[in-house]
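Input: a single structure, listed below in structure tokens.
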Amino acid sequence: MNEEENRPVRWNLDDNGVAELIMCDRERNNLFTDSFIDAFLGALSEIEKERPICLLISGLPDVFSGGADKETLLDLCDGKIVVKDLEISERLVAAPFPIVSAMQGHAVGGGLVIGLCSDVMVLARESRYGAVFMNLGFTPGMGTTELLPMAFGPFIASEMMLGGRMFRGSELAERGVPVNAIVPKADVYRRARRIALQIADKPVDSVYLLKYTLSSEKRKRLIDARRNEDLMHRITFPMPETRRRISEQYNE
Amino acid sequence: MTKEEVIEVIKRNIVENLDDVEADSIDATKSMKEYGANSLDMIEVVSTSMRELNIKIPRSELAELGNIDELADKFMEYINKG
């Protein structure tokens, strides 16, 4: 493999003004390792410089992203402050261009948050989506407590966060979760790209202005969420049970 | 509880967690993968079944199991431990 193929995150910009960010860390299933987050945020900065009209985010066929990795979570248990993954939600919500997430594969924890921070979300019937933080003993982060109820509705969001169950896309569709589309896996990318192209057809300045207006509620909610979530994390990460659950869960 | 009853619990959870699978069509000598289950589907089926049976089995012990029948045997081991 050459260096290009080894990169955990790649991006490109097409003639239509659609930038694509592809999360492709096969080895670690797009978990938020240090190097993954650096690559993700780095790509985002480079994309911003190009002023695309729209950004399409996609992942691996089976995994969109699994969220935080074990080392980061154990660091949090030890009281080390890790702010990097929080930066992902902040940067996405504050992006000047609309974001379309093509979530073909599973999206769990922080991986789901990438979708929640987007303007358009396309899910797969066969894949699973979960806010599994509490399975590991600690309370949800990255803005999930505000962004998930806003996107999926308060009752489903409560069940996902409190129960920690990973829902199949088909089940979310049956429950009427109001995302843009929940389609067979094979159609996710095409459907998401079609929406991105429709957006890219408009004047870039108008798109940026409208995006800024439409995202104001999300930006406000993220600030509120962070305040409460940080407080809860200060209590839940140092708990011995949290450490035990994290160690067990990732024990292959 | 008998092993047959445990298999029924697992089958019911497979039906609830997967699209287009009927309990009668499930062969316990096969892996859930053959019925279209992906890795997270299997985690959901196993964890819901364990909750229903009131048992807790470490992940490391579940990783090497090859089919539904072996899963039921592992569940029985823990049910009998009480």
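Chains: A, B, ... in order of the structure tokens. Residues: from 1 per chain. Ligands: from 1, in order shown.
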
If we count only C-alpha atoms, what is near segment 189-206 of chain A at a cut-off of 9 Å, once residues fewer than 3 positions away on the same chain are taken out, given as a PDB file with all heavy atoms, in the first residue's frame?
```
ATOM      1  N   ASN A  16     -18.599  20.091  -9.684  1.00  0.00           N
ATOM      2  CA  ASN A  16     -19.904  20.625  -9.293  1.00  0.00           C
ATOM      3  C   ASN A  16     -19.830  21.468  -8.029  1.00  0.00           C
ATOM      4  O   ASN A  16     -20.815  22.065  -7.621  1.00  0.00           O
ATOM      5  CB  ASN A  16     -20.890  19.487  -9.035  1.00  0.00           C
ATOM      6  CG  ASN A  16     -21.043  18.581 -10.226  1.00  0.00           C
ATOM      7  OD1 ASN A  16     -21.494  19.024 -11.280  1.00  0.00           O
ATOM      8  ND2 ASN A  16     -20.631  17.331 -10.081  1.00  0.00           N
ATOM      9  N   GLY A  17     -18.672  21.477  -7.386  1.00  0.00           N
ATOM     10  CA  GLY A  17     -18.551  22.205  -6.128  1.00  0.00           C
ATOM     11  C   GLY A  17     -18.869  21.337  -4.923  1.00  0.00           C
ATOM     12  O   GLY A  17     -19.037  21.836  -3.807  1.00  0.00           O
ATOM     13  N   VAL A  18     -18.985  20.032  -5.132  1.00  0.00           N
ATOM     14  CA  VAL A  18     -19.221  19.114  -4.011  1.00  0.00           C
ATOM     15  C   VAL A  18     -17.878  18.554  -3.530  1.00  0.00           C
ATOM     16  O   VAL A  18     -17.145  17.939  -4.300  1.00  0.00           O
ATOM     17  CB  VAL A  18     -20.138  17.930  -4.414  1.00  0.00           C
ATOM     18  CG1 VAL A  18     -20.301  16.960  -3.248  1.00  0.00           C
ATOM     19  CG2 VAL A  18     -21.497  18.435  -4.886  1.00  0.00           C
ATOM     20  N   ARG A  51     -13.678  26.459  -0.353  1.00  0.00           N
ATOM     21  CA  ARG A  51     -15.049  26.976  -0.470  1.00  0.00           C
ATOM     22  C   ARG A  51     -15.963  26.104  -1.343  1.00  0.00           C
ATOM     23  O   ARG A  51     -16.530  26.575  -2.340  1.00  0.00           O
ATOM     24  CB  ARG A  51     -15.037  28.416  -0.983  1.00  0.00           C
ATOM     25  CG  ARG A  51     -14.821  29.442   0.139  1.00  0.00           C
ATOM     26  CD  ARG A  51     -14.762  30.863  -0.362  1.00  0.00           C
ATOM     27  NE  ARG A  51     -15.977  31.337  -1.031  1.00  0.00           N
ATOM     28  CZ  ARG A  51     -17.063  31.782  -0.404  1.00  0.00           C
ATOM     29  NH1 ARG A  51     -17.094  31.814   0.912  1.00  0.00           N
ATOM     30  NH2 ARG A  51     -18.097  32.194  -1.076  1.00  0.00           N
ATOM     31  N   PRO A  52     -16.129  24.827  -0.990  1.00  0.00           N
ATOM     32  CA  PRO A  52     -17.074  24.006  -1.756  1.00  0.00           C
ATOM     33  C   PRO A  52     -18.503  24.471  -1.466  1.00  0.00           C
ATOM     34  O   PRO A  52     -18.740  25.131  -0.445  1.00  0.00           O
ATOM     35  CB  PRO A  52     -16.845  22.605  -1.182  1.00  0.00           C
ATOM     36  CG  PRO A  52     -16.421  22.852   0.225  1.00  0.00           C
ATOM     37  CD  PRO A  52     -15.612  24.118   0.197  1.00  0.00           C
ATOM     38  N   ILE A  53     -19.439  24.148  -2.332  1.00  0.00           N
ATOM     39  CA  ILE A  53     -20.834  24.549  -2.073  1.00  0.00           C
ATOM     40  C   ILE A  53     -21.441  23.607  -1.035  1.00  0.00           C
ATOM     41  O   ILE A  53     -22.271  23.991  -0.221  1.00  0.00           O
ATOM     42  CB  ILE A  53     -21.666  24.548  -3.381  1.00  0.00           C
ATOM     43  CG1 ILE A  53     -20.926  25.379  -4.443  1.00  0.00           C
ATOM     44  CG2 ILE A  53     -23.069  25.142  -3.135  1.00  0.00           C
ATOM     45  CD1 ILE A  53     -21.583  25.396  -5.801  1.00  0.00           C
ATOM     46  N   CYS A  54     -20.987  22.379  -1.067  1.00  0.00           N
ATOM     47  CA  CYS A  54     -21.572  21.375  -0.177  1.00  0.00           C
ATOM     48  C   CYS A  54     -20.514  20.316   0.152  1.00  0.00           C
ATOM     49  O   CYS A  54     -19.589  20.104  -0.619  1.00  0.00           O
ATOM     50  CB  CYS A  54     -22.742  20.743  -0.930  1.00  0.00           C
ATOM     51  SG  CYS A  54     -23.614  19.492  -0.011  1.00  0.00           S
ATOM     52  N   LEU A  55     -20.637  19.686   1.327  1.00  0.00           N
ATOM     53  CA  LEU A  55     -19.713  18.611   1.697  1.00  0.00           C
ATOM     54  C   LEU A  55     -20.483  17.309   1.897  1.00  0.00           C
ATOM     55  O   LEU A  55     -21.495  17.277   2.601  1.00  0.00           O
ATOM     56  CB  LEU A  55     -18.967  18.966   3.002  1.00  0.00           C
ATOM     57  CG  LEU A  55     -18.115  17.855   3.625  1.00  0.00           C
ATOM     58  CD1 LEU A  55     -16.955  17.449   2.720  1.00  0.00           C
ATOM     59  CD2 LEU A  55     -17.574  18.278   4.994  1.00  0.00           C
ATOM     60  N   LEU A  56     -19.995  16.267   1.263  1.00  0.00           N
ATOM     61  CA  LEU A  56     -20.583  14.937   1.428  1.00  0.00           C
ATOM     62  C   LEU A  56     -19.614  14.099   2.271  1.00  0.00           C
ATOM     63  O   LEU A  56     -18.443  13.962   1.915  1.00  0.00           O
ATOM     64  CB  LEU A  56     -20.770  14.309   0.039  1.00  0.00           C
ATOM     65  CG  LEU A  56     -21.332  12.899  -0.070  1.00  0.00           C
ATOM     66  CD1 LEU A  56     -22.753  12.831   0.478  1.00  0.00           C
ATOM     67  CD2 LEU A  56     -21.348  12.455  -1.544  1.00  0.00           C
ATOM     68  N   SER A  58     -18.739  10.398   3.864  1.00  0.00           N
ATOM     69  CA  SER A  58     -19.084   8.975   3.819  1.00  0.00           C
ATOM     70  C   SER A  58     -18.041   8.170   4.586  1.00  0.00           C
ATOM     71  O   SER A  58     -16.992   8.691   4.968  1.00  0.00           O
ATOM     72  CB  SER A  58     -19.181   8.490   2.364  1.00  0.00           C
ATOM     73  OG  SER A  58     -17.927   8.621   1.739  1.00  0.00           O
ATOM     74  N   PHE A  97     -20.433  25.455   4.978  1.00  0.00           N
ATOM     75  CA  PHE A  97     -21.176  24.794   3.899  1.00  0.00           C
ATOM     76  C   PHE A  97     -22.109  23.733   4.472  1.00  0.00           C
ATOM     77  O   PHE A  97     -21.855  23.202   5.559  1.00  0.00           O
ATOM     78  CB  PHE A  97     -20.190  24.134   2.912  1.00  0.00           C
ATOM     79  CG  PHE A  97     -18.985  23.543   3.591  1.00  0.00           C
ATOM     80  CD1 PHE A  97     -19.070  22.376   4.334  1.00  0.00           C
ATOM     81  CD2 PHE A  97     -17.754  24.196   3.518  1.00  0.00           C
ATOM     82  CE1 PHE A  97     -17.960  21.857   4.969  1.00  0.00           C
ATOM     83  CE2 PHE A  97     -16.637  23.674   4.156  1.00  0.00           C
ATOM     84  CZ  PHE A  97     -16.745  22.504   4.894  1.00  0.00           C
ATOM     85  N   PRO A  98     -23.191  23.418   3.749  1.00  0.00           N
ATOM     86  CA  PRO A  98     -24.064  22.331   4.219  1.00  0.00           C
ATOM     87  C   PRO A  98     -23.328  20.995   4.149  1.00  0.00           C
ATOM     88  O   PRO A  98     -22.476  20.799   3.293  1.00  0.00           O
ATOM     89  CB  PRO A  98     -25.230  22.338   3.225  1.00  0.00           C
ATOM     90  CG  PRO A  98     -25.071  23.533   2.381  1.00  0.00           C
ATOM     91  CD  PRO A  98     -23.671  24.021   2.492  1.00  0.00           C
ATOM     92  N   ILE A  99     -23.679  20.105   5.081  1.00  0.00           N
ATOM     93  CA  ILE A  99     -23.039  18.789   5.128  1.00  0.00           C
ATOM     94  C   ILE A  99     -24.089  17.696   4.930  1.00  0.00           C
ATOM     95  O   ILE A  99     -25.138  17.694   5.581  1.00  0.00           O
ATOM     96  CB  ILE A  99     -22.312  18.573   6.475  1.00  0.00           C
ATOM     97  CG1 ILE A  99     -21.217  19.638   6.655  1.00  0.00           C
ATOM     98  CG2 ILE A  99     -21.724  17.166   6.553  1.00  0.00           C
ATOM     99  CD1 ILE A  99     -20.517  19.596   8.002  1.00  0.00           C
ATOM    100  N   VAL A 100     -23.808  16.793   4.007  1.00  0.00           N
ATOM    101  CA  VAL A 100     -24.670  15.638   3.760  1.00  0.00           C
ATOM    102  C   VAL A 100     -23.908  14.405   4.229  1.00  0.00           C
ATOM    103  O   VAL A 100     -22.787  14.176   3.791  1.00  0.00           O
ATOM    104  CB  VAL A 100     -24.987  15.509   2.246  1.00  0.00           C
ATOM    105  CG1 VAL A 100     -25.810  14.258   1.970  1.00  0.00           C
ATOM    106  CG2 VAL A 100     -25.709  16.755   1.735  1.00  0.00           C
ATOM    107  N   SER A 101     -24.495  13.623   5.147  1.00  0.00           N
ATOM    108  CA  SER A 101     -23.818  12.410   5.603  1.00  0.00           C
ATOM    109  C   SER A 101     -24.438  11.177   4.962  1.00  0.00           C
ATOM    110  O   SER A 101     -25.632  10.919   5.124  1.00  0.00           O
ATOM    111  CB  SER A 101     -23.881  12.297   7.133  1.00  0.00           C
ATOM    112  OG  SER A 101     -22.875  13.091   7.717  1.00  0.00           O
ATOM    113  N   ALA A 102     -23.618  10.439   4.235  1.00  0.00           N
ATOM    114  CA  ALA A 102     -24.054   9.187   3.610  1.00  0.00           C
ATOM    115  C   ALA A 102     -23.622   8.062   4.542  1.00  0.00           C
ATOM    116  O   ALA A 102     -22.484   7.619   4.512  1.00  0.00           O
ATOM    117  CB  ALA A 102     -23.406   9.033   2.239  1.00  0.00           C
ATOM    118  N   MET A 103     -24.552   7.615   5.414  1.00  0.00           N
ATOM    119  CA  MET A 103     -24.189   6.700   6.500  1.00  0.00           C
ATOM    120  C   MET A 103     -24.559   5.261   6.161  1.00  0.00           C
ATOM    121  O   MET A 103     -25.447   4.671   6.750  1.00  0.00           O
ATOM    122  CB  MET A 103     -24.829   7.183   7.799  1.00  0.00           C
ATOM    123  CG  MET A 103     -24.434   8.625   8.097  1.00  0.00           C
ATOM    124  SD  MET A 103     -25.350   9.391   9.433  1.00  0.00           S
ATOM    125  CE  MET A 103     -24.577   8.653  10.861  1.00  0.00           C
ATOM    126  N   GLN A 104     -23.812   4.725   5.192  1.00  0.00           N
ATOM    127  CA  GLN A 104     -24.033   3.356   4.721  1.00  0.00           C
ATOM    128  C   GLN A 104     -23.837   2.318   5.812  1.00  0.00           C
ATOM    129  O   GLN A 104     -24.609   1.391   5.954  1.00  0.00           O
ATOM    130  CB  GLN A 104     -22.977   3.075   3.660  1.00  0.00           C
ATOM    131  CG  GLN A 104     -23.490   2.912   2.279  1.00  0.00           C
ATOM    132  CD  GLN A 104     -22.332   2.579   1.371  1.00  0.00           C
ATOM    133  OE1 GLN A 104     -21.296   3.252   1.367  1.00  0.00           O
ATOM    134  NE2 GLN A 104     -22.492   1.528   0.610  1.00  0.00           N
ATOM    135  N   VAL A 120     -28.041  17.049   6.340  1.00  0.00           N
ATOM    136  CA  VAL A 120     -28.797  15.999   5.664  1.00  0.00           C
ATOM    137  C   VAL A 120     -28.204  14.661   6.089  1.00  0.00           C
ATOM    138  O   VAL A 120     -26.987  14.501   6.147  1.00  0.00           O
ATOM    139  CB  VAL A 120     -28.692  16.157   4.125  1.00  0.00           C
ATOM    140  CG1 VAL A 120     -29.283  14.950   3.410  1.00  0.00           C
ATOM    141  CG2 VAL A 120     -29.378  17.443   3.658  1.00  0.00           C
ATOM    142  N   MET A 121     -29.093  13.704   6.429  1.00  0.00           N
ATOM    143  CA  MET A 121     -28.632  12.414   6.930  1.00  0.00           C
ATOM    144  C   MET A 121     -29.323  11.313   6.143  1.00  0.00           C
ATOM    145  O   MET A 121     -30.550  11.254   6.105  1.00  0.00           O
ATOM    146  CB  MET A 121     -29.107  12.326   8.390  1.00  0.00           C
ATOM    147  CG  MET A 121     -28.136  11.840   9.392  1.00  0.00           C
ATOM    148  SD  MET A 121     -28.934  12.021  11.019  1.00  0.00           S
ATOM    149  CE  MET A 121     -27.982  10.819  11.893  1.00  0.00           C
ATOM    150  N   VAL A 122     -28.551  10.436   5.516  1.00  0.00           N
ATOM    151  CA  VAL A 122     -29.134   9.293   4.824  1.00  0.00           C
ATOM    152  C   VAL A 122     -28.617   8.020   5.493  1.00  0.00           C
ATOM    153  O   VAL A 122     -27.405   7.823   5.630  1.00  0.00           O
ATOM    154  CB  VAL A 122     -28.792   9.295   3.315  1.00  0.00           C
ATOM    155  CG1 VAL A 122     -29.407   8.087   2.612  1.00  0.00           C
ATOM    156  CG2 VAL A 122     -29.280  10.585   2.655  1.00  0.00           C
ATOM    157  N   ASN A 180     -33.560  12.293   6.373  1.00  0.00           N
ATOM    158  CA  ASN A 180     -33.886  12.507   4.964  1.00  0.00           C
ATOM    159  C   ASN A 180     -34.298  11.238   4.240  1.00  0.00           C
ATOM    160  O   ASN A 180     -35.228  11.248   3.442  1.00  0.00           O
ATOM    161  CB  ASN A 180     -32.696  13.150   4.263  1.00  0.00           C
ATOM    162  CG  ASN A 180     -32.359  14.457   4.922  1.00  0.00           C
ATOM    163  OD1 ASN A 180     -31.728  14.484   5.973  1.00  0.00           O
ATOM    164  ND2 ASN A 180     -32.829  15.541   4.350  1.00  0.00           N
ATOM    165  N   ALA A 181     -33.582  10.144   4.525  1.00  0.00           N
ATOM    166  CA  ALA A 181     -33.943   8.880   3.885  1.00  0.00           C
ATOM    167  C   ALA A 181     -33.333   7.725   4.657  1.00  0.00           C
ATOM    168  O   ALA A 181     -32.249   7.853   5.225  1.00  0.00           O
ATOM    169  CB  ALA A 181     -33.453   8.855   2.441  1.00  0.00           C
ATOM    170  N   VAL A 183     -32.748   3.998   3.428  1.00  0.00           N
ATOM    171  CA  VAL A 183     -32.900   3.203   2.208  1.00  0.00           C
ATOM    172  C   VAL A 183     -31.976   1.980   2.263  1.00  0.00           C
ATOM    173  O   VAL A 183     -31.097   1.909   3.121  1.00  0.00           O
ATOM    174  CB  VAL A 183     -32.566   4.067   0.966  1.00  0.00           C
ATOM    175  CG1 VAL A 183     -33.577   5.194   0.796  1.00  0.00           C
ATOM    176  CG2 VAL A 183     -31.159   4.655   1.057  1.00  0.00           C
ATOM    177  N   LYS A 185     -28.901  -0.317   1.884  1.00  0.00           N
ATOM    178  CA  LYS A 185     -27.501   0.082   1.949  1.00  0.00           C
ATOM    179  C   LYS A 185     -26.916   0.467   0.585  1.00  0.00           C
ATOM    180  O   LYS A 185     -26.199   1.457   0.451  1.00  0.00           O
ATOM    181  CB  LYS A 185     -26.748  -1.120   2.510  1.00  0.00           C
ATOM    182  CG  LYS A 185     -25.475  -0.803   3.175  1.00  0.00           C
ATOM    183  CD  LYS A 185     -25.042  -2.052   3.911  1.00  0.00           C
ATOM    184  CE  LYS A 185     -23.627  -1.919   4.346  1.00  0.00           C
ATOM    185  NZ  LYS A 185     -23.195  -3.069   5.131  1.00  0.00           N
ATOM    186  N   ALA A 186     -27.254  -0.330  -0.415  1.00  0.00           N
ATOM    187  CA  ALA A 186     -26.685  -0.117  -1.749  1.00  0.00           C
ATOM    188  C   ALA A 186     -27.100   1.227  -2.346  1.00  0.00           C
ATOM    189  O   ALA A 186     -26.457   1.721  -3.267  1.00  0.00           O
ATOM    190  CB  ALA A 186     -27.106  -1.254  -2.673  1.00  0.00           C
ATOM    191  N   LEU A 209     -25.104  31.610   3.223  1.00  0.00           N
ATOM    192  CA  LEU A 209     -25.953  32.444   4.073  1.00  0.00           C
ATOM    193  C   LEU A 209     -27.077  31.634   4.689  1.00  0.00           C
ATOM    194  O   LEU A 209     -27.355  31.725   5.891  1.00  0.00           O
ATOM    195  CB  LEU A 209     -26.566  33.593   3.243  1.00  0.00           C
ATOM    196  CG  LEU A 209     -25.697  34.836   3.074  1.00  0.00           C
ATOM    197  CD1 LEU A 209     -26.333  35.787   2.064  1.00  0.00           C
ATOM    198  CD2 LEU A 209     -25.533  35.549   4.429  1.00  0.00           C
ATOM    199  N   LEU A 210     -27.730  30.833   3.854  1.00  0.00           N
ATOM    200  CA  LEU A 210     -28.850  30.034   4.350  1.00  0.00           C
ATOM    201  C   LEU A 210     -28.363  28.988   5.351  1.00  0.00           C
ATOM    202  O   LEU A 210     -28.980  28.776   6.398  1.00  0.00           O
ATOM    203  CB  LEU A 210     -29.583  29.364   3.186  1.00  0.00           C
ATOM    204  CG  LEU A 210     -30.805  28.521   3.571  1.00  0.00           C
ATOM    205  CD1 LEU A 210     -31.824  29.322   4.374  1.00  0.00           C
ATOM    206  CD2 LEU A 210     -31.471  27.930   2.323  1.00  0.00           C
ATOM    207  N   LYS A 211     -27.243  28.381   5.037  1.00  0.00           N
ATOM    208  CA  LYS A 211     -26.680  27.385   5.959  1.00  0.00           C
ATOM    209  C   LYS A 211     -26.425  28.020   7.336  1.00  0.00           C
ATOM    210  O   LYS A 211     -26.741  27.446   8.380  1.00  0.00           O
ATOM    211  CB  LYS A 211     -25.395  26.806   5.370  1.00  0.00           C
ATOM    212  CG  LYS A 211     -24.413  26.223   6.382  1.00  0.00           C
ATOM    213  CD  LYS A 211     -24.817  24.860   6.903  1.00  0.00           C
ATOM    214  CE  LYS A 211     -24.050  24.512   8.156  1.00  0.00           C
ATOM    215  NZ  LYS A 211     -23.880  23.120   8.408  1.00  0.00           N
TER     216      LYS A 211
END
```

Residues near Asp78 of chain A, cut-off 8 Å, only C-alpha atoms, skip fewer than 3 positions along chain, as a PyMOL selection string: chain A and resi 74-75+237-238

Report as number ranges by chain the set of chain A residues whose atoms approach chain B to within 12 Å, with distances computed over only C-alpha atoms. A: 62-63, 66, 105-108, 125-130, 132, 135, 163-171, 174, 184, 244-245, 247-252

Now that the selection is made, can you save its residues with C-alpha atoms as a compact mmCIF listing (two decimals), in the first residue's frame?
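Output (result-v8.txt):
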```txt
# COMPACT_ATOMS: atom_id res chain seq x y z
CA ASP A 62 -19.80 -1.60 6.83
CA VAL A 63 -18.77 1.08 9.29
CA GLY A 66 -17.58 3.65 15.83
CA GLY A 105 -22.41 1.47 7.57
CA HIS A 106 -22.95 1.37 11.34
CA ALA A 107 -22.64 4.64 13.23
CA VAL A 108 -22.20 4.41 16.97
CA ARG A 125 -31.97 -0.09 6.47
CA GLU A 126 -29.49 -2.88 7.26
CA SER A 127 -27.01 -0.92 9.41
CA ARG A 128 -27.23 -0.03 13.07
CA TYR A 129 -27.20 3.35 14.75
CA GLY A 130 -26.66 3.82 18.44
CA VAL A 132 -24.20 3.59 23.29
CA ASN A 135 -23.42 0.91 28.01
CA GLY A 163 -31.06 2.00 26.95
CA GLY A 164 -27.97 2.07 24.77
CA ARG A 165 -29.52 -0.22 22.16
CA MET A 166 -28.27 0.01 18.61
CA PHE A 167 -31.26 0.40 16.31
CA ARG A 168 -31.41 -1.05 12.84
CA GLY A 169 -32.12 1.55 10.15
CA SER A 170 -35.27 -0.36 9.15
CA GLU A 171 -36.56 -0.04 12.72
CA GLU A 174 -40.77 2.07 11.00
CA PRO A 184 -31.23 -0.12 1.34
CA ARG A 244 -14.62 -1.70 34.30
CA ARG A 245 -17.29 -1.43 31.61
CA SER A 247 -12.28 -2.47 29.67
CA GLU A 248 -14.82 -5.28 29.27
CA GLN A 249 -16.60 -3.87 26.26
CA TYR A 250 -13.48 -3.53 24.19
CA ASN A 251 -12.06 -6.85 25.33
CA GLU A 252 -12.08 -8.81 22.07
```

Taking the chain letters and numbering used in this document, name the residues of segment 24-208 of chain A that DSSP puts in strand (DSSP E or B), as a ChimeraX atom specification. /A:31-32,54-58,63-65,67-68,99-103,106-108,120-124,128-130,167-168,181-183

How far is it from atom CA of Ser65 of chain A to atom CA of Glu159 of chain A, in Å with one decimal? 20.7 Å

If you run DSSP over the backbone, which residues in chain B end up helix (DSSP H, G or I)? Put them as a count of residues only. 55

For segment 1-8 of chain B, work out the shell of residues within 7 Å, counting only C-alpha atoms and skipping chain neighbours fewer than 4 positions away, then give it as JSON, numbers by chain. {"B": [12, 72, 76]}

I need the chosen residues saved as a JSON list (two decimals), in the first residue's frame, with N, CA and C atoms.
```json
[["chain", "number", "residue", "atom", "x", "y", "z"],
["B", 12, "ARG", "N", -36.38, -16.15, 18.83],
["B", 12, "ARG", "CA", -37.33, -15.03, 18.89],
["B", 12, "ARG", "C", -36.58, -13.70, 18.74],
["B", 72, "ALA", "N", -26.41, -21.50, 22.62],
["B", 72, "ALA", "CA", -27.37, -22.03, 23.58],
["B", 72, "ALA", "C", -26.66, -22.86, 24.67],
["B", 76, "MET", "N", -26.70, -22.17, 28.61],
["B", 76, "MET", "CA", -27.09, -23.22, 29.58],
["B", 76, "MET", "C", -26.07, -23.34, 30.71]]
```

Within 12 Å of Leu31 of chain A, counting only C-alpha atoms, which residues show up once you throw out same-chain ones fewer than 6 positions away? Write them as a ChimeraX atom specification, please. /A:8-9,23-25,37,40,59-60,63-73,85,106-112

For those residues, write N, CA and C atoms to a file as a tab-separated table (two decimals), in the first residue's frame.
```tsv
chain	number	residue	atom	x	y	z
A	8	PRO	N	-6.20	7.63	6.94
A	8	PRO	CA	-7.49	7.27	7.52
A	8	PRO	C	-8.66	8.12	7.00
A	9	VAL	N	-8.34	9.32	6.48
A	9	VAL	CA	-9.37	10.21	5.94
A	9	VAL	C	-8.87	10.77	4.62
A	23	MET	N	-14.13	8.72	5.19
A	23	MET	CA	-13.45	8.14	6.37
A	23	MET	C	-13.13	6.69	6.01
A	24	CYS	N	-11.85	6.36	5.91
A	24	CYS	CA	-11.50	5.05	5.36
A	24	CYS	C	-10.39	4.36	6.16
A	25	ASP	N	-10.47	4.43	7.48
A	25	ASP	CA	-9.48	3.76	8.32
A	25	ASP	C	-9.94	2.31	8.55
A	37	ILE	N	-8.58	11.60	14.30
A	37	ILE	CA	-9.17	12.92	14.55
A	37	ILE	C	-8.32	14.02	13.90
A	40	PHE	N	-9.06	13.93	10.26
A	40	PHE	CA	-10.43	14.41	10.00
A	40	PHE	C	-10.47	15.94	10.07
A	59	GLY	N	-18.35	6.90	4.83
A	59	GLY	CA	-17.42	6.04	5.58
A	59	GLY	C	-17.14	4.76	4.82
A	60	LEU	N	-16.79	3.72	5.54
A	60	LEU	CA	-16.56	2.41	4.93
A	60	LEU	C	-17.92	1.76	4.67
A	63	VAL	N	-18.87	0.22	8.10
A	63	VAL	CA	-18.77	1.08	9.29
A	63	VAL	C	-18.65	2.54	8.87
A	64	PHE	N	-19.59	3.36	9.31
A	64	PHE	CA	-19.46	4.80	9.11
A	64	PHE	C	-18.41	5.26	10.12
A	65	SER	N	-18.71	5.12	11.40
A	65	SER	CA	-17.70	5.31	12.45
A	65	SER	C	-18.19	4.76	13.77
A	66	GLY	N	-17.24	4.24	14.53
A	66	GLY	CA	-17.58	3.65	15.83
A	66	GLY	C	-17.36	4.59	17.01
A	67	GLY	N	-16.99	5.85	16.74
A	67	GLY	CA	-16.80	6.80	17.83
A	67	GLY	C	-15.48	6.62	18.57
A	68	ALA	N	-15.47	7.01	19.83
A	68	ALA	CA	-14.23	7.06	20.61
A	68	ALA	C	-13.53	5.70	20.71
A	69	ASP	N	-12.22	5.71	20.80
A	69	ASP	CA	-11.49	4.45	20.99
A	69	ASP	C	-11.18	4.24	22.47
A	70	LYS	N	-10.80	3.02	22.79
A	70	LYS	CA	-10.61	2.63	24.19
A	70	LYS	C	-9.59	3.51	24.91
A	71	GLU	N	-8.46	3.78	24.25
A	71	GLU	CA	-7.39	4.55	24.90
A	71	GLU	C	-7.89	5.93	25.34
A	72	THR	N	-8.64	6.58	24.44
A	72	THR	CA	-9.16	7.91	24.76
A	72	THR	C	-10.10	7.84	25.95
A	73	LEU	N	-10.97	6.83	25.96
A	73	LEU	CA	-11.94	6.71	27.06
A	73	LEU	C	-11.24	6.44	28.38
A	85	ASP	N	-12.14	15.01	20.39
A	85	ASP	CA	-13.36	14.53	19.72
A	85	ASP	C	-14.48	15.56	19.82
A	106	HIS	N	-22.56	1.08	9.96
A	106	HIS	CA	-22.95	1.37	11.34
A	106	HIS	C	-22.38	2.70	11.81
A	107	ALA	N	-23.14	3.40	12.62
A	107	ALA	CA	-22.64	4.64	13.23
A	107	ALA	C	-23.02	4.60	14.71
A	108	VAL	N	-21.99	4.62	15.54
A	108	VAL	CA	-22.20	4.41	16.97
A	108	VAL	C	-21.49	5.51	17.76
A	109	GLY	N	-22.13	5.98	18.82
A	109	GLY	CA	-21.52	7.00	19.68
A	109	GLY	C	-21.15	8.24	18.90
A	110	GLY	N	-19.88	8.61	18.99
A	110	GLY	CA	-19.40	9.79	18.27
A	110	GLY	C	-19.60	9.68	16.77
A	111	GLY	N	-19.62	8.45	16.26
A	111	GLY	CA	-19.86	8.23	14.84
A	111	GLY	C	-21.24	8.71	14.44
A	112	LEU	N	-22.21	8.45	15.31
A	112	LEU	CA	-23.57	8.92	15.06
A	112	LEU	C	-23.62	10.45	15.12
```

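With only C-alpha atoms as the basis for measurement, B:Ile68 is the residue among B:Val46, B:Ile57, B:Ile68, B:Val9 that approaches Met32 of chain B most closely.
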